[in-house]
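Data first, discussion second: the structure below is written as structure tokens.
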Amino acid sequence: MHSIARSRSMPAALTLRAKLVLACAEGAANSVVAERHGVTPATVGKWRRRFIERRITGLHDELRPGQPRTVDDERLATLTNTTLHQQPHDGSTHWTIRGVAAETGISKTSVHRYLEMFGVAPHRSESFKLSTDPFFIEKVRDVVGLYLNPPDNALVLCVDEKS
């Protein structure tokens, strides 16, 4: 818990929550802890209660309600496959957001959001490489799935191969 509170690489909200819980563990009242860290006593009570109920996992954000995705996995696979493995029909050297959107039937804003989320930048020749892996789509689904919905007590390690 101390390592989370001192971490400079973890999200600031998570480190603050760890600091709140540690201060409470020292016996300080919610109002004192709240004043010391610049939050409300209700915030301190919330994270203290969640830590007691679920330990460290209780300090992480819960999924928030909202509109469900309108682009399913198959359409995402088509988007990724089109962007990475096909040339534009107009003879261009790379896809544009509008071109991919027209080709796949996905809105321009959604195409932009998904390509940015996957780190795909076909317009950048100095950093963009086409994948020749036939199982690329499946691997992207697996990796993104781990980040979006990690199993309990999971540790995700990422290894990047450089040429």
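Following the order of the structure tokens, chains are lettered A, B, ..., residues in each are numbered from 1, and ligands are numbered from 1.
Every protein, DNA or RNA residue with an atom at most 10 Å from Gln86 of chain A, where only C-alpha atoms count and chain neighbours fewer than 5 positions away do not, is listed here: Thr80, Asn81, His94, Trp95 and Leu130 of chain A.
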The selected residues should be written to file as a short mmCIF file (atom, residue, chain, number, x, y, z; two decimals), in the first residue's frame (atoms: C-alpha atoms).
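Everything below was put into result-v7.cif:
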```cif
data_model
loop_
_atom_site.label_atom_id
_atom_site.label_comp_id
_atom_site.auth_asym_id
_atom_site.auth_seq_id
_atom_site.Cartn_x
_atom_site.Cartn_y
_atom_site.Cartn_z
CA THR A 80 -8.36 -2.70 -38.31
CA ASN A 81 -7.95 -5.12 -41.21
CA HIS A 94 -2.33 5.64 -46.93
CA TRP A 95 -5.82 5.74 -45.46
CA LEU A 130 1.94 -2.92 -41.47
#
```
| request: Please report, as number ranges by chain, each residue of chain A to which DSSP assigns helix (DSSP H, G or I) when run on this structure's backbone. | output: A: 2-6, 12-25, 30-37, 41-59, 73-85, 97-104, 108-118, 136-148
| task | Would you kindly return, as a ChimeraX atom specification, each protein, DNA or RNA residue with an atom no farther than 10 Å from any atom of Val32 of chain A, considering only C-alpha atoms and excluding same-chain residues fewer than 5 positions away? | result | /A:23-24,37-38,40-41,44
Restricted to N, CA and C atoms, what would the selected residues look like written as a compact mmCIF listing (two decimals), in the first residue's frame?
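again-v4.txt, written as the output of this step:
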```txt
# COMPACT_ATOMS: atom_id res chain seq x y z
N ALA A 23 -3.59 7.14 5.93
CA ALA A 23 -3.79 8.13 6.99
C ALA A 23 -4.87 7.66 7.95
N CYS A 24 -5.91 7.04 7.42
CA CYS A 24 -6.98 6.51 8.28
C CYS A 24 -6.46 5.35 9.14
N HIS A 37 -5.57 16.42 3.02
CA HIS A 37 -5.40 16.06 1.61
C HIS A 37 -6.29 16.86 0.66
N GLY A 38 -7.06 17.80 1.18
CA GLY A 38 -7.85 18.67 0.32
C GLY A 38 -9.05 18.02 -0.33
N THR A 40 -13.16 16.09 0.66
CA THR A 40 -14.24 16.16 1.64
C THR A 40 -14.21 14.95 2.57
N PRO A 41 -14.76 15.08 3.77
CA PRO A 41 -14.84 13.92 4.66
C PRO A 41 -15.64 12.76 4.05
N VAL A 44 -13.26 10.70 1.96
CA VAL A 44 -12.42 9.85 2.81
C VAL A 44 -13.23 8.64 3.28
```
| field | Residue contacts of segment 61-71 of chain A (12 Å, only C-alpha atoms) excluding same-chain residues fewer than 6 positions away, as a PyMOL selection string | value | chain A and resi 11+13-14+17+47+50+77-79+104-107+109-111+113-114+148-150
How would the residues just chosen look if you wrote them out with C-alpha atoms as an mmCIF file, in the first residue's frame?
```cif
data_model
loop_
_atom_site.group_PDB
_atom_site.id
_atom_site.type_symbol
_atom_site.label_atom_id
_atom_site.label_comp_id
_atom_site.auth_asym_id
_atom_site.auth_seq_id
_atom_site.Cartn_x
_atom_site.Cartn_y
_atom_site.Cartn_z
ATOM 1 C CA PRO A 11 -2.756 7.402 -11.683
ATOM 2 C CA ALA A 13 -6.381 9.379 -8.115
ATOM 3 C CA LEU A 14 -5.201 5.907 -7.076
ATOM 4 C CA ARG A 17 -6.843 7.024 -2.346
ATOM 5 C CA TRP A 47 -12.523 5.123 0.085
ATOM 6 C CA ARG A 50 -14.364 0.468 -0.046
ATOM 7 C CA ALA A 77 -11.865 -6.246 -36.956
ATOM 8 C CA THR A 78 -12.943 -4.998 -40.380
ATOM 9 C CA LEU A 79 -11.758 -1.485 -39.503
ATOM 10 C CA THR A 104 -16.195 0.477 -43.329
ATOM 11 C CA GLY A 105 -19.456 2.349 -42.688
ATOM 12 C CA ILE A 106 -18.275 3.495 -39.243
ATOM 13 C CA SER A 107 -18.562 7.180 -38.346
ATOM 14 C CA THR A 109 -15.395 10.156 -34.957
ATOM 15 C CA SER A 110 -15.588 6.473 -34.053
ATOM 16 C CA VAL A 111 -12.872 5.586 -36.572
ATOM 17 C CA ARG A 113 -11.310 7.144 -31.550
ATOM 18 C CA TYR A 114 -10.611 3.454 -32.278
ATOM 19 C CA LEU A 148 -10.493 -3.064 -20.549
ATOM 20 C CA ASN A 149 -11.627 -5.923 -18.317
ATOM 21 C CA PRO A 150 -8.699 -7.393 -16.360
#
```
| Can you list, as a PyMOL selection string, every protein, DNA or RNA residue that comes within 12 Å of Leu16 of chain A when you count only C-alpha atoms, leaving out same-chain residues fewer than 2 positions away? | chain A and resi 1-8+10-14+18-23+33-34+36-39+43-44+47-48+59-60
Can you write out the residues you just picked, keeping N, CA and C atoms, as a CSV table (one decimal), in the first residue's frame?
```
chain,number,residue,atom,x,y,z
A,1,MET,N,0.8,-1.2,0.0
A,1,MET,CA,0.0,0.0,0.0
A,1,MET,C,0.9,1.3,0.0
A,2,HIS,N,2.0,1.2,0.7
A,2,HIS,CA,2.9,2.4,0.8
A,2,HIS,C,3.5,2.6,-0.6
A,3,SER,N,3.8,1.5,-1.3
A,3,SER,CA,4.4,1.7,-2.7
A,3,SER,C,3.4,2.4,-3.6
A,4,ILE,N,2.1,2.1,-3.5
A,4,ILE,CA,1.1,2.7,-4.3
A,4,ILE,C,1.0,4.2,-4.0
A,5,ALA,N,1.0,4.5,-2.7
A,5,ALA,CA,0.9,5.9,-2.2
A,5,ALA,C,2.1,6.8,-2.7
A,6,ARG,N,3.3,6.1,-2.8
A,6,ARG,CA,4.5,6.9,-3.2
A,6,ARG,C,4.7,6.8,-4.7
A,7,SER,N,4.0,6.0,-5.4
A,7,SER,CA,4.2,5.8,-6.9
A,7,SER,C,4.1,7.1,-7.7
A,8,ARG,N,5.0,7.3,-8.6
A,8,ARG,CA,4.9,8.4,-9.6
A,8,ARG,C,4.4,8.0,-10.9
A,10,MET,N,1.7,5.6,-11.2
A,10,MET,CA,0.3,5.2,-11.2
A,10,MET,C,-0.6,6.4,-11.3
A,11,PRO,N,-1.9,6.2,-11.6
A,11,PRO,CA,-2.8,7.4,-11.7
A,11,PRO,C,-2.8,8.2,-10.4
A,12,ALA,N,-2.9,9.5,-10.5
A,12,ALA,CA,-2.9,10.3,-9.3
A,12,ALA,C,-4.1,10.0,-8.3
A,13,ALA,N,-5.2,9.7,-8.9
A,13,ALA,CA,-6.4,9.4,-8.1
A,13,ALA,C,-6.1,8.1,-7.3
A,14,LEU,N,-5.5,7.1,-7.8
A,14,LEU,CA,-5.2,5.9,-7.1
A,14,LEU,C,-4.2,6.2,-5.9
A,18,ALA,N,-4.8,5.8,-1.8
A,18,ALA,CA,-3.9,5.0,-1.0
A,18,ALA,C,-3.5,5.8,0.2
A,19,LYS,N,-3.2,7.1,-0.1
A,19,LYS,CA,-2.7,8.0,1.0
A,19,LYS,C,-3.9,8.2,2.0
A,20,LEU,N,-5.1,8.3,1.5
A,20,LEU,CA,-6.2,8.5,2.4
A,20,LEU,C,-6.4,7.3,3.3
A,21,VAL,N,-6.3,6.1,2.8
A,21,VAL,CA,-6.5,4.9,3.5
A,21,VAL,C,-5.4,4.7,4.6
A,22,LEU,N,-4.1,5.0,4.1
A,22,LEU,CA,-3.0,4.9,5.1
A,22,LEU,C,-3.1,5.9,6.2
A,23,ALA,N,-3.6,7.1,5.9
A,23,ALA,CA,-3.8,8.1,7.0
A,23,ALA,C,-4.9,7.7,8.0
A,33,VAL,N,-8.1,13.8,8.0
A,33,VAL,CA,-7.5,13.3,6.8
A,33,VAL,C,-8.0,14.1,5.6
A,34,ALA,N,-9.3,14.5,5.6
A,34,ALA,CA,-9.9,15.2,4.5
A,34,ALA,C,-9.2,16.6,4.4
A,36,ARG,N,-6.3,17.5,5.5
A,36,ARG,CA,-4.9,17.4,5.2
A,36,ARG,C,-4.6,17.1,3.7
A,37,HIS,N,-5.6,16.4,3.0
A,37,HIS,CA,-5.4,16.1,1.6
A,37,HIS,C,-6.3,16.9,0.7
A,38,GLY,N,-7.1,17.8,1.2
A,38,GLY,CA,-7.9,18.7,0.3
A,38,GLY,C,-9.1,18.0,-0.3
A,39,VAL,N,-9.7,17.1,0.4
A,39,VAL,CA,-10.9,16.4,-0.1
A,39,VAL,C,-12.0,16.6,1.0
A,43,THR,N,-15.6,11.9,0.9
A,43,THR,CA,-14.6,11.2,0.0
A,43,THR,C,-13.8,10.2,0.8
A,44,VAL,N,-13.3,10.7,2.0
A,44,VAL,CA,-12.4,9.9,2.8
A,44,VAL,C,-13.2,8.6,3.3
A,47,TRP,N,-13.7,6.0,0.4
A,47,TRP,CA,-12.5,5.1,0.1
A,47,TRP,C,-12.1,4.3,1.3
A,48,ARG,N,-12.3,4.7,2.5
A,48,ARG,CA,-12.1,3.9,3.7
A,48,ARG,C,-13.0,2.7,3.7
A,59,LEU,N,-9.9,0.3,-4.3
A,59,LEU,CA,-9.4,1.6,-4.6
A,59,LEU,C,-9.5,2.0,-6.0
A,60,HIS,N,-9.7,1.0,-6.9
A,60,HIS,CA,-9.7,1.2,-8.3
A,60,HIS,C,-11.1,1.7,-8.7
```
| said: Between A:Lys46, A:Met117, A:Val159, A:Glu74, which residue has the minimum interatomic distance to Tyr147 of chain A, considering only C-alpha atoms? | reply: A:Met117
| field | Point-to-point distance in Å for atom CA of Val140 of chain A and atom CA of Asp152 of chain A | value | 20.5 Å
| query | So what do you get for atom CA of Val120 of chain A versus atom CA of His85 of chain A, distance-wise? | reply |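 Computed distance, atom CA of Val120 of chain A to atom CA of His85 of chain A, equals 12.2 Å.
For the pair atom CA of Pro134 of chain A and atom CA of Thr82 of chain A, the interatomic distance is 13.5 Å.
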